[in-house]
>>> print(open('protein-v9.txt').read())   # compact mmCIF, C-alpha atoms and all ligand atoms
# COMPACT_ATOMS: atom_id res chain seq x y z
CA MET C 354 101.57 152.16 143.68
CA ASP C 355 105.15 153.39 143.13
CA ASN C 356 107.08 153.15 139.85
CA PHE C 357 108.96 149.92 139.34
CA THR C 358 111.12 147.90 136.96
CA LEU C 359 110.53 144.16 136.73
CA ASN C 360 113.63 142.13 136.02
CA ILE C 361 113.85 138.62 137.46
CA PRO C 362 117.07 137.39 135.90
CA THR C 363 117.18 133.84 137.31
CA LYS C 364 115.95 131.18 134.92
CA ILE C 365 113.81 128.67 136.82
CA PHE C 366 113.61 125.01 135.85
CA PHE C 367 110.69 123.69 137.88
CA GLY C 368 109.49 120.10 138.23
CA ARG C 369 110.54 116.48 138.09
CA ASN C 370 113.86 115.57 136.50
CA GLN C 371 114.74 119.12 135.54
CA ILE C 372 118.28 118.27 136.61
CA LYS C 373 118.73 117.09 133.04
CA VAL C 374 119.49 120.71 132.02
CA LEU C 375 122.34 121.12 134.50
CA GLY C 376 125.42 120.54 132.34
CA ARG C 377 124.16 122.62 129.44
CA GLN C 378 123.20 125.49 131.71
CA ILE C 379 126.61 125.61 133.36
CA GLU C 380 128.29 125.66 129.96
CA LYS C 381 125.97 128.42 128.81
CA TYR C 382 127.48 130.70 131.46
CA GLY C 383 131.05 129.75 130.60
CA GLY C 384 131.49 127.17 133.37
CA LYS C 385 134.24 124.60 132.85
CA ARG C 386 135.58 124.28 136.40
CA VAL C 387 132.76 124.08 138.93
CA LEU C 388 132.79 124.43 142.72
CA ILE C 389 129.94 122.35 144.16
CA CYS C 390 128.84 123.84 147.50
CA TYR C 391 126.73 121.79 149.92
CA GLY C 392 125.97 121.32 153.61
CA SER C 393 125.98 117.93 155.34
CA LYS C 394 126.84 114.65 153.62
CA ARG C 395 123.09 114.13 153.14
CA ILE C 396 123.22 114.88 149.41
CA LYS C 397 125.83 112.13 149.01
CA LYS C 398 123.74 109.59 150.95
CA GLU C 399 120.60 110.50 148.99
CA GLY C 400 122.38 110.11 145.65
CA LEU C 401 121.85 113.71 144.51
CA PHE C 402 125.57 114.44 144.55
CA GLN C 403 126.20 111.46 142.26
CA THR C 404 123.42 112.56 139.90
CA ILE C 405 124.98 116.01 139.69
CA THR C 406 128.54 114.85 139.14
CA ASP C 407 127.30 112.43 136.45
CA LYS C 408 125.72 115.37 134.64
CA LEU C 409 128.98 117.31 134.86
CA ALA C 410 130.98 114.30 133.64
CA ASP C 411 128.62 113.96 130.64
CA ARG C 412 129.81 117.39 129.47
CA GLY C 413 133.43 116.92 130.52
CA LEU C 414 133.21 119.53 133.28
CA TYR C 415 135.72 119.52 136.15
CA PHE C 416 134.49 119.92 139.75
CA ALA C 417 135.87 120.67 143.21
CA GLU C 418 133.81 120.51 146.43
CA LEU C 419 133.07 122.65 149.45
CA GLY C 420 131.02 120.56 151.89
CA GLY C 421 130.06 121.21 155.50
CA ILE C 422 128.44 124.62 154.99
CA GLU C 423 126.52 125.27 158.20
CA PRO C 424 122.87 126.27 158.61
CA ASN C 425 123.25 130.02 159.32
CA PRO C 426 126.36 129.89 157.11
CA ARG C 427 129.56 131.23 158.54
CA ILE C 428 132.11 133.64 157.18
CA THR C 429 134.76 130.97 157.77
CA SER C 430 133.06 128.79 155.13
CA VAL C 431 133.02 131.73 152.73
CA ARG C 432 136.76 132.23 153.25
CA GLU C 433 137.39 128.52 152.69
CA GLY C 434 135.37 128.59 149.47
CA VAL C 435 137.26 131.63 148.16
CA LYS C 436 140.54 129.81 148.81
CA ILE C 437 139.41 126.74 146.85
CA CYS C 438 138.16 128.91 143.96
CA ARG C 439 141.54 130.60 143.66
CA GLU C 440 143.58 127.41 144.00
CA GLU C 441 141.40 125.48 141.55
CA ASN C 442 140.73 128.27 139.03
CA ILE C 443 136.99 127.87 139.50
CA ASP C 444 134.79 129.67 136.98
CA PHE C 445 131.29 128.58 138.09
CA ILE C 446 129.67 127.94 141.49
CA LEU C 447 126.88 125.43 141.97
CA ALA C 448 125.01 125.54 145.29
CA VAL C 449 123.10 122.38 146.26
CA GLY C 450 120.92 122.78 149.35
CA GLY C 451 118.79 125.34 151.15
CA GLY C 452 119.24 129.04 151.72
CA SER C 453 122.35 128.62 153.86
CA VAL C 454 124.34 126.85 151.15
CA ILE C 455 123.09 129.23 148.46
CA ASP C 456 123.90 132.34 150.53
CA CYS C 457 127.40 131.07 151.27
CA ALA C 458 127.93 130.29 147.57
CA LYS C 459 126.85 133.81 146.61
CA VAL C 460 129.30 135.54 148.90
CA ILE C 461 132.09 133.21 147.78
CA ALA C 462 131.24 134.12 144.18
CA GLY C 463 131.42 137.83 145.00
CA SER C 464 134.65 137.58 146.98
CA VAL C 465 136.97 135.64 144.67
CA SER C 466 138.27 138.73 142.91
CA TYR C 467 138.23 140.91 146.05
CA ASP C 468 141.58 141.49 147.79
CA GLY C 469 140.14 142.19 151.25
CA ASP C 470 138.22 139.97 153.68
CA PRO C 471 134.68 138.93 152.55
CA TRP C 472 133.30 140.07 155.93
CA ASP C 473 133.87 143.65 154.66
CA PHE C 474 130.78 143.18 152.45
CA CYS C 475 128.64 142.35 155.49
CA LEU C 476 129.98 145.35 157.39
CA ARG C 477 129.22 147.53 154.34
CA LYS C 478 132.90 148.54 154.14
CA ALA C 479 132.96 147.38 150.52
CA ALA C 480 130.41 146.53 147.82
CA ILE C 481 130.51 143.47 145.58
CA SER C 482 131.47 144.60 142.10
CA LYS C 483 132.37 141.34 140.35
CA ALA C 484 131.11 137.80 140.87
CA LEU C 485 131.51 134.34 139.41
CA PRO C 486 128.28 132.99 137.89
CA ILE C 487 126.15 130.86 140.23
CA GLY C 488 123.56 128.14 139.67
CA THR C 489 121.49 126.38 142.33
CA VAL C 490 119.82 123.05 142.94
CA LEU C 491 117.32 123.83 145.67
CA THR C 492 116.48 121.18 148.29
CA LEU C 493 114.39 123.18 150.80
CA ALA C 494 111.47 125.56 150.27
CA ALA C 495 112.10 128.61 152.43
CA THR C 496 114.30 131.58 151.67
CA GLY C 497 113.81 132.38 147.98
CA SER C 498 117.60 132.75 147.82
CA GLU C 499 117.49 130.67 144.64
CA SER C 500 116.18 133.70 142.79
CA ASN C 501 117.31 136.85 144.47
CA GLY C 502 120.54 138.77 145.11
CA ASN C 503 120.51 138.45 148.92
CA ALA C 504 122.75 136.51 151.24
CA VAL C 505 122.99 136.43 155.03
CA ILE C 506 126.26 135.45 156.69
CA SER C 507 127.10 134.77 160.35
CA ASN C 508 130.28 135.55 162.22
CA VAL C 509 130.58 133.39 165.32
CA GLU C 510 133.51 135.41 166.71
CA THR C 511 131.66 138.72 166.67
CA LYS C 512 128.20 137.14 167.22
CA GLN C 513 126.83 138.98 164.19
CA LYS C 514 124.62 137.84 161.33
CA LEU C 515 124.48 140.38 158.53
CA PRO C 516 122.89 140.64 155.10
CA VAL C 517 124.65 141.33 151.80
CA TYR C 518 122.87 142.38 148.63
CA SER C 519 124.14 142.79 145.12
CA PRO C 520 122.27 142.62 141.81
CA ILE C 521 125.15 140.58 140.43
CA LEU C 522 124.60 137.80 142.97
CA TRP C 523 121.36 136.57 141.39
CA PRO C 524 121.80 132.94 140.34
CA LYS C 525 121.87 132.47 136.56
CA PHE C 526 119.55 129.49 136.90
CA SER C 527 117.88 127.44 139.63
CA ILE C 528 116.57 123.92 139.48
CA LEU C 529 113.48 123.38 141.64
CA ASP C 530 112.44 119.74 141.76
CA PRO C 531 109.80 119.20 144.47
CA GLU C 532 111.02 115.61 144.91
CA TYR C 533 114.33 116.94 146.27
CA THR C 534 112.36 118.40 149.17
CA TYR C 535 110.68 115.09 150.20
CA SER C 536 113.48 114.36 152.68
CA VAL C 537 113.27 117.69 154.54
CA PRO C 538 112.40 116.76 158.15
CA PRO C 539 109.15 118.10 159.69
CA PHE C 540 110.82 120.84 161.74
CA HIS C 541 112.69 122.35 158.78
CA THR C 542 109.65 121.94 156.53
CA ALA C 543 107.60 123.95 159.02
CA ALA C 544 110.36 126.52 159.59
CA GLY C 545 110.62 126.95 155.83
CA ILE C 546 106.88 127.60 155.58
CA ALA C 547 107.08 130.12 158.42
CA ASP C 548 109.94 131.86 156.59
CA ILE C 549 107.95 131.97 153.33
CA MET C 550 104.93 133.44 155.12
CA SER C 551 107.19 135.97 156.86
CA HIS C 552 108.60 137.14 153.52
CA ILE C 553 105.06 137.70 152.33
CA PHE C 554 104.16 139.62 155.53
CA GLU C 555 107.26 141.79 155.27
CA GLN C 556 106.05 142.99 151.87
CA TYR C 557 102.31 142.96 152.60
CA PHE C 558 102.73 145.34 155.54
CA SER C 559 103.88 148.33 153.55
CA SER C 560 103.57 152.05 154.01
CA THR C 561 102.83 152.46 150.28
CA ALA C 562 99.17 153.16 149.48
CA ASP C 563 97.08 151.62 146.67
CA THR C 564 98.63 148.21 146.27
CA PHE C 565 95.50 146.20 145.53
CA THR C 566 97.06 143.79 143.02
CA GLN C 567 100.13 143.23 145.15
CA ASP C 568 98.01 142.58 148.24
CA ARG C 569 95.87 139.99 146.47
CA LEU C 570 98.99 138.23 145.12
CA ALA C 571 100.39 138.12 148.64
CA GLU C 572 97.15 136.76 150.07
CA ALA C 573 97.04 134.03 147.42
CA LEU C 574 100.53 132.86 148.41
CA LEU C 575 99.63 132.93 152.11
CA LYS C 576 96.56 130.80 151.39
CA THR C 577 98.75 128.33 149.51
CA CYS C 578 100.88 127.94 152.64
CA LEU C 579 97.84 127.49 154.90
CA LYS C 580 96.28 124.94 152.55
CA TYR C 581 99.35 122.81 151.83
CA ALA C 582 101.30 122.98 155.09
CA PRO C 583 99.07 120.42 156.87
CA VAL C 584 99.19 118.16 153.79
CA VAL C 585 102.96 118.18 153.62
CA MET C 586 103.33 117.72 157.38
CA GLU C 587 101.06 114.66 157.14
CA ASN C 588 102.60 113.24 153.98
CA PRO C 589 106.12 114.52 153.20
CA ASN C 590 106.08 112.75 149.81
CA ASP C 591 102.96 114.47 148.49
CA TYR C 592 104.25 115.87 145.20
CA THR C 593 101.48 118.42 144.75
CA ALA C 594 101.86 119.86 148.23
CA ARG C 595 105.67 120.01 148.03
CA ALA C 596 105.39 121.65 144.59
CA GLU C 597 102.91 124.29 145.74
CA ILE C 598 105.03 125.21 148.76
CA LEU C 599 108.23 125.28 146.69
CA TRP C 600 106.69 127.58 144.10
CA ALA C 601 105.11 129.82 146.74
CA GLY C 602 108.52 130.12 148.42
CA ASN C 603 110.11 131.21 145.20
CA LEU C 604 107.42 133.77 144.36
CA ALA C 605 107.51 135.14 147.90
CA LEU C 606 111.03 136.51 147.57
CA ASN C 607 111.91 136.86 143.90
CA THR C 608 110.93 140.59 144.07
CA LEU C 609 107.46 140.03 142.55
CA LEU C 610 105.63 140.97 145.75
CA SER C 611 107.80 144.01 146.43
CA LEU C 612 107.18 145.74 143.10
CA GLY C 613 105.72 149.23 143.41
CA LYS C 614 105.88 149.34 147.18
CA GLU C 615 108.22 149.55 150.12
CA GLY C 616 108.65 146.47 152.32
CA ASP C 617 108.97 146.57 156.10
CA TRP C 618 111.61 143.92 156.97
CA ALA C 619 111.83 144.76 160.67
CA ASN C 620 111.11 141.18 161.74
CA HIS C 621 113.99 139.89 159.63
CA ALA C 622 116.35 142.44 161.12
CA ILE C 623 115.27 141.35 164.61
CA GLU C 624 115.40 137.61 163.87
CA HIS C 625 118.90 137.87 162.43
CA GLU C 626 120.04 139.27 165.79
CA VAL C 627 118.44 136.33 167.58
CA SER C 628 119.96 133.67 165.33
CA ALA C 629 123.32 135.47 165.33
CA ILE C 630 123.70 134.83 169.05
CA PHE C 631 121.75 131.60 169.56
CA ASP C 632 122.06 129.90 166.15
CA ILE C 633 118.34 129.05 166.07
CA SER C 634 116.49 128.22 162.87
CA HIS C 635 115.58 131.43 161.01
CA GLY C 636 112.00 130.36 160.22
CA ALA C 637 111.32 129.24 163.79
CA GLY C 638 112.54 132.60 165.09
CA LEU C 639 110.20 134.41 162.70
CA ALA C 640 107.27 132.21 163.70
CA VAL C 641 107.74 133.44 167.27
CA LEU C 642 108.35 137.08 166.41
CA PHE C 643 105.78 137.96 163.76
CA PRO C 644 102.52 137.56 165.74
CA ASN C 645 104.10 139.62 168.54
CA TRP C 646 105.25 142.32 166.11
CA MET C 647 101.72 142.44 164.69
CA LYS C 648 100.20 142.97 168.11
CA TYR C 649 102.81 145.58 169.02
CA VAL C 650 102.53 147.74 165.90
CA MET C 651 98.76 147.53 165.29
CA ASP C 652 97.00 150.81 166.13
CA ASP C 653 94.01 152.85 164.96
CA THR C 654 95.91 154.14 161.92
CA ASN C 655 96.79 150.74 160.47
CA ALA C 656 94.28 148.24 161.90
CA ASP C 657 92.52 148.04 158.51
CA LYS C 658 95.46 146.15 157.05
CA PHE C 659 95.43 143.57 159.82
CA TYR C 660 91.65 143.29 159.42
CA GLN C 661 92.09 142.68 155.70
CA LEU C 662 94.58 139.90 156.46
CA ALA C 663 92.28 138.34 159.06
CA VAL C 664 89.25 138.26 156.76
CA ASN C 665 90.90 137.47 153.42
CA VAL C 666 93.46 134.91 154.59
CA PHE C 667 92.48 133.57 158.00
CA GLY C 668 88.75 133.34 157.35
CA VAL C 669 87.68 135.64 160.20
CA ALA C 670 84.08 136.84 159.76
CA GLU C 671 83.61 140.41 158.56
CA SER C 672 82.79 142.74 161.43
CA SER C 673 82.33 146.42 162.22
CA ASP C 674 84.72 145.89 165.13
CA LYS C 675 87.77 145.68 162.91
CA LYS C 676 90.35 145.67 165.68
CA THR C 677 88.85 142.65 167.43
CA ALA C 678 88.60 140.79 164.12
CA ALA C 679 92.21 141.73 163.33
CA LEU C 680 93.37 140.34 166.69
CA GLU C 681 91.47 137.12 165.97
CA GLY C 682 93.43 136.86 162.70
CA ILE C 683 96.73 137.22 164.57
CA ASP C 684 95.64 134.54 167.05
CA ARG C 685 94.81 132.22 164.13
CA LEU C 686 98.29 132.79 162.72
CA ARG C 687 99.78 131.83 166.10
CA SER C 688 97.62 128.68 166.26
CA PHE C 689 98.60 127.75 162.70
CA TYR C 690 102.31 127.99 163.53
CA ASN C 691 101.76 125.91 166.67
CA SER C 692 99.86 123.30 164.63
CA ILE C 693 102.89 122.71 162.39
CA GLY C 694 105.27 122.45 165.34
CA MET C 695 106.77 125.92 165.47
CA PRO C 696 107.65 127.37 168.89
CA SER C 697 105.57 130.22 170.26
CA LYS C 698 108.12 131.68 172.67
CA LEU C 699 111.81 132.53 172.35
CA SER C 700 112.37 130.91 175.75
CA GLU C 701 111.45 127.56 174.15
CA THR C 702 114.29 127.89 171.63
CA GLY C 703 117.18 128.27 174.06
CA VAL C 704 117.39 132.07 173.81
CA GLU C 705 118.52 133.66 177.09
CA GLU C 706 116.64 136.65 178.46
CA GLU C 707 119.81 138.59 179.34
CA SER C 708 120.63 138.88 175.64
CA LEU C 709 117.41 140.64 174.59
CA GLN C 710 118.89 144.11 175.15
CA ILE C 711 121.96 143.33 173.02
CA MET C 712 119.71 142.01 170.25
CA ALA C 713 117.53 145.13 170.41
CA GLU C 714 120.57 147.37 170.00
CA GLY C 715 122.05 145.19 167.25
CA ALA C 716 118.86 145.31 165.20
CA VAL C 717 119.11 149.09 164.84
CA ARG C 718 122.88 149.33 164.39
CA PHE C 719 122.39 150.96 160.97
CA GLY C 720 119.42 153.09 162.12
CA GLU C 721 115.69 152.64 162.77
CA ILE C 722 114.12 149.56 161.20
CA GLY C 723 110.74 149.01 159.54
CA THR C 724 108.73 151.22 157.23
CA PHE C 725 105.16 150.15 157.99
CA LYS C 726 106.05 151.18 161.52
CA LYS C 727 109.48 152.57 162.31
CA LEU C 728 111.10 150.88 165.30
CA LYS C 729 113.79 152.14 167.66
CA SER C 730 115.74 149.86 169.96
CA LYS C 731 113.18 150.37 172.77
CA ASP C 732 110.42 149.10 170.46
CA VAL C 733 112.49 146.10 169.41
CA LEU C 734 113.16 145.32 173.06
CA ALA C 735 109.45 145.50 173.85
CA ILE C 736 108.67 143.06 170.99
CA LEU C 737 111.43 140.70 172.10
CA LYS C 738 110.08 140.76 175.65
CA MET C 739 106.55 139.99 174.40
CA ALA C 740 108.02 137.13 172.36
CA TYR C 741 110.06 135.77 175.27
O1 LIG C 801 123.27 120.69 155.39
P1 LIG C 801 122.08 120.15 154.70
O2 LIG C 801 122.17 118.69 154.46
O3 LIG C 801 121.70 120.90 153.45
O4 LIG C 801 120.88 120.26 155.77
C1 LIG C 801 119.96 121.31 155.84
C2 LIG C 801 120.00 122.06 157.15
O5 LIG C 801 120.37 121.23 158.21
C3 LIG C 801 118.57 120.71 155.88
N1 LIG C 801 118.08 120.36 154.55
C4 LIG C 801 118.02 121.12 153.44
N2 LIG C 801 117.44 120.44 152.44
C5 LIG C 801 117.16 119.20 152.94
C6 LIG C 801 117.58 119.15 154.26
N3 LIG C 801 117.46 118.03 155.03
C7 LIG C 801 116.92 116.95 154.45
N4 LIG C 801 116.49 116.95 153.17
C8 LIG C 801 116.59 118.03 152.38
N5 LIG C 801 116.14 117.99 151.13
O6 LIG C 801 117.77 121.72 156.45
C9 LIG C 801 118.56 122.45 157.39
C10 LIG C 801 118.33 123.91 157.20
O7 LIG C 801 118.85 124.32 155.95
P2 LIG C 801 119.12 125.86 155.66
O8 LIG C 801 119.70 125.98 154.31
O9 LIG C 801 119.85 126.48 156.80
O10 LIG C 801 117.63 126.45 155.70
P3 LIG C 801 117.00 127.66 154.96
O11 LIG C 801 116.78 127.37 153.53
O12 LIG C 801 115.84 128.04 155.77
O13 LIG C 801 118.11 128.82 155.02
C11 LIG C 801 118.28 129.58 156.19
C12 LIG C 801 119.34 130.64 155.99
O14 LIG C 801 118.98 131.55 154.93
C13 LIG C 801 118.96 132.90 155.45
C14 LIG C 801 118.61 132.69 156.89
O15 LIG C 801 118.90 133.82 157.68
C15 LIG C 801 119.48 131.49 157.24
O16 LIG C 801 120.81 131.87 157.45
N6 LIG C 801 118.02 133.70 154.65
C16 LIG C 801 118.37 134.00 153.39
C17 LIG C 801 117.58 134.78 152.58
C18 LIG C 801 117.97 135.09 151.19
N7 LIG C 801 119.18 134.80 150.78
O17 LIG C 801 117.17 135.65 150.43
C19 LIG C 801 116.33 135.37 153.05
C20 LIG C 801 115.82 134.73 154.29
O18 LIG C 801 114.95 135.63 154.91
C21 LIG C 801 116.88 134.31 155.27
O19 LIG C 801 117.32 135.40 156.08
ZN ZN C 802 113.47 134.93 155.87
>>> encode(input="protein-v9.txt", output="structure tokens", more="lines below")
Ligand code: NZQ
Ligand code: ZN
Amino acid sequence: MDNFTLNIPTKIFFGRNQIKVLGRQIEKYGGKRVLICYGSKRIKKEGLFQTITDKLADRGLYFAELGGIEPNPRITSVREGVKICREENIDFILAVGGGSVIDCAKVIAGSVSYDGDPWDFCLRKAAISKALPIGTVLTLAATGSESNGNAVISNVETKQKLPVYSPILWPKFSILDPEYTYSVPPFHTAAGIADIMSHIFEQYFSSTADTFTQDRLAEALLKTCLKYAPVVMENPNDYTARAEILWAGNLALNTLLSLGKEGDWANHAIEHEVSAIFDISHGAGLAVLFPNWMKYVMDDTNADKFYQLAVNVFGVAESSDKKTAALEGIDRLRSFYNSIGMPSKLSETGVEEESLQIMAEGAVRFGEIGTFKKLKSKDVLAILKMAY
């Protein structure tokens, strides 16, 4: 285990009716003029928007809106948000939605006092040094963006989707009410679960030795997904199942699992190239890629880890033939994803074969990816071909 510092600065309000804290929390961080960021008009139809604006009105807080933020949020929405913040003297940003809305809100927050174009942060030409405070009301269990400093932004013109990280982009607070996730349709529920499991895998498959506690935590969260995914697919309004998945999603990417070890993150780098060009759902892309990555990178030096996953999480019987048992575990992962309606091939998602080479090169634009197994563009291409 490596040295680490634990600091999870986002305050989480979890459970029914936690929205009651909203106004007070915004005021606590100096918010008087709030930009509410959201995606489709869904939150207006469902009444959540009204609930939120009522809470703001109770405390006499002003609000402006940025609606229409796209899944795989675009840099154009970030620019629009920055413009509104400047025109309206916004001092607090509230994101209401899934990872896309939250990510967009974060980069807006970090760009308001920056003179250049926000895309500079994605290209690593500049680093975010100042940001407006952010709060979130999460409506989809998936990314963990509600309590981390990451954001991923797409640029349709350049066909790129690039991550931004800054410790000052962590939301000040996040409200996680499982009931807000009841309306998530089956496909996005399943894609969210695949994303959560992928975050766990990215940290589970680590080159760092002696991570017993971290591995058991990761396995517990994976088992939560396996246990509650079928329940939530069957009954979207099952509070317990929605709550377990929501909490697992938060714990999967709030840095807890990454403490004392190095994560891999190759699959995310590859998936971002896929969804940059074909605008597919992030979780669905990962559900296709991960089992193929596992098969590609597994060898005699690391098969023990895949065996451990197969036995501890997927219920494969212990065996002296560890490689065969490990492969059985990977097959069970594939079957699980299929059972919740995730695609098993990129060709099913509208991805075109001619683009695989471009994606493979894009994934390594900043150098080799992965730490559990380092990948060059030829390796990424091989994985993409297996996944196609
Ligand atoms: O526009 P709305 O109405 O919000 O619709 C969304 C969207 O169409 C819908 N949805 C969300 N909550 C709903 C709902 N529909 C009905 N009822 C609800 N309660 O679901 C669709 C997908 O939403 P989106 O926010 O795009 O999904 P997700 O949370 O999976 O976010 C995906 C984005 O986050 C990035 C991904 O790359 C992708 O761009 N990621 C961000 C990360 C981070 N910041 O830490 C890490 C992740 O690995 C990921 O890369
Ligand atoms: Zn992800």
>>> residues_around(input="protein-v9.txt", residues="Gly450 in chain C", least_positions_apart="2", cutoff="9 Å", atoms="all atoms listed in the file", output="PyMOL selection string")
chain C and resi 390-392+396+448+452-455+489-493
>>> write_last_selection(input="protein-v9.txt", atoms="C-alpha atoms", output="mmCIF file, keeping the file's coordinate frame")
data_model
loop_
_atom_site.group_PDB
_atom_site.id
_atom_site.type_symbol
_atom_site.label_atom_id
_atom_site.label_comp_id
_atom_site.auth_asym_id
_atom_site.auth_seq_id
_atom_site.Cartn_x
_atom_site.Cartn_y
_atom_site.Cartn_z
ATOM 1 C CA CYS C 390 128.840 123.840 147.500
ATOM 2 C CA TYR C 391 126.730 121.790 149.920
ATOM 3 C CA GLY C 392 125.970 121.320 153.610
ATOM 4 C CA ILE C 396 123.220 114.880 149.410
ATOM 5 C CA ALA C 448 125.010 125.540 145.290
ATOM 6 C CA GLY C 452 119.240 129.040 151.720
ATOM 7 C CA SER C 453 122.350 128.620 153.860
ATOM 8 C CA VAL C 454 124.340 126.850 151.150
ATOM 9 C CA ILE C 455 123.090 129.230 148.460
ATOM 10 C CA THR C 489 121.490 126.380 142.330
ATOM 11 C CA VAL C 490 119.820 123.050 142.940
ATOM 12 C CA LEU C 491 117.320 123.830 145.670
ATOM 13 C CA THR C 492 116.480 121.180 148.290
ATOM 14 C CA LEU C 493 114.390 123.180 150.800
#
>>> atom_distance(input="protein-v9.txt", atom1="CA of Ser507 in chain C", atom2="CA of Val717 in chain C")
17.0 Å
>>> residues_near_ligand(input="protein-v9.txt", ligand="ligand LIG 801 (chain C)", cutoff="7 Å", atoms="all atoms listed in the file", output="PyMOL selection string")
chain C and resi 391-396+421-426+450-454+456+492-498+501+503-506+533-538+541+544-545+548+552+606+621+625+635-636
>>> closest_residue(input="protein-v9.txt", among="C:Val585, C:Val704, C:Ala573, C:Met651", to="Leu680 in chain C", atoms="only C-alpha atoms")
C:Met651
>>> atom_distance(input="protein-v9.txt", atom1="CA of Leu401 in chain C", atom2="CA of Phe416 in chain C")
14.9 Å
>>> closest_residue(input="protein-v9.txt", among="C:Ser673, C:Ser430, C:Ser519, C:Ser551", to="ligand ZN 802 (chain C)", atoms="all atoms listed in the file")
C:Ser551
>>> closest_residue(input="protein-v9.txt", among="C:Leu609, C:Thr406, C:Ile428, C:Glu441", to="Ile461 in chain C", atoms="all atoms listed in the file")
C:Ile428
>>> closest_residue(input="protein-v9.txt", among="C:Leu604, C:Ile549, C:Ala678, C:Val650", to="ligand ZN 802 (chain C)", atoms="all atoms listed in the file")
C:Ile549
>>> residues_around(input="protein-v9.txt", residues="Asp684 in chain C", least_positions_apart="3", cutoff="12 Å", atoms="all atoms listed in the file", output="number ranges by chain")
C: 643-645, 647-648, 659, 662-663, 667-669, 677-681, 687-691, 697
>>> closest_residue(input="protein-v9.txt", among="C:Ala637, C:Val460, C:Ala571, C:Val465", to="ligand ZN 802 (chain C)", atoms="only C-alpha atoms and all ligand atoms")
C:Ala637
>>> residues_around(input="protein-v9.txt", residues="Lys436 in chain C", least_positions_apart="2", cutoff="12 Å", atoms="only C-alpha atoms", output="ChimeraX atom specification")
/C:388,417-419,429-434,438-443,461-462,464-468,470-471
>>> decode(input="protein-v9.txt", residues="range 528-538 of chain C", atoms="N, CA, C and O atoms", output="compact mmCIF listing (two decimals), in the first residue's frame")
# COMPACT_ATOMS: atom_id res chain seq x y z
N ILE C 528 -26.69 16.54 -3.02
CA ILE C 528 -27.91 15.97 -2.46
C ILE C 528 -28.25 14.70 -3.26
O ILE C 528 -28.43 14.76 -4.48
N LEU C 529 -28.27 13.57 -2.55
CA LEU C 529 -28.51 12.28 -3.21
C LEU C 529 -29.81 11.68 -2.65
O LEU C 529 -29.80 11.06 -1.57
N ASP C 530 -30.88 11.92 -3.34
CA ASP C 530 -32.18 11.36 -2.93
C ASP C 530 -32.52 10.24 -3.91
O ASP C 530 -32.78 10.50 -5.10
N PRO C 531 -32.52 8.98 -3.45
CA PRO C 531 -32.77 7.86 -4.36
C PRO C 531 -34.07 8.02 -5.16
O PRO C 531 -34.17 7.54 -6.29
N GLU C 532 -35.05 8.70 -4.57
CA GLU C 532 -36.34 8.86 -5.28
C GLU C 532 -36.17 9.68 -6.57
O GLU C 532 -36.94 9.50 -7.51
N TYR C 533 -35.17 10.55 -6.61
CA TYR C 533 -34.93 11.32 -7.85
C TYR C 533 -34.42 10.43 -8.99
O TYR C 533 -34.36 10.87 -10.13
N THR C 534 -34.02 9.22 -8.64
CA THR C 534 -33.51 8.32 -9.70
C THR C 534 -34.59 7.33 -10.17
O THR C 534 -34.33 6.53 -11.07
N TYR C 535 -35.79 7.37 -9.58
CA TYR C 535 -36.85 6.44 -9.99
C TYR C 535 -37.15 6.57 -11.49
O TYR C 535 -37.48 5.60 -12.16
N SER C 536 -37.08 7.79 -12.02
CA SER C 536 -37.52 8.01 -13.40
C SER C 536 -36.44 7.70 -14.44
O SER C 536 -36.68 7.82 -15.64
N VAL C 537 -35.24 7.32 -13.99
CA VAL C 537 -34.19 7.01 -14.98
C VAL C 537 -34.64 5.80 -15.81
O VAL C 537 -34.97 4.75 -15.24
N PRO C 538 -34.67 5.91 -17.14
CA PRO C 538 -35.14 4.78 -17.95
C PRO C 538 -34.18 3.58 -17.86
O PRO C 538 -33.02 3.75 -17.47
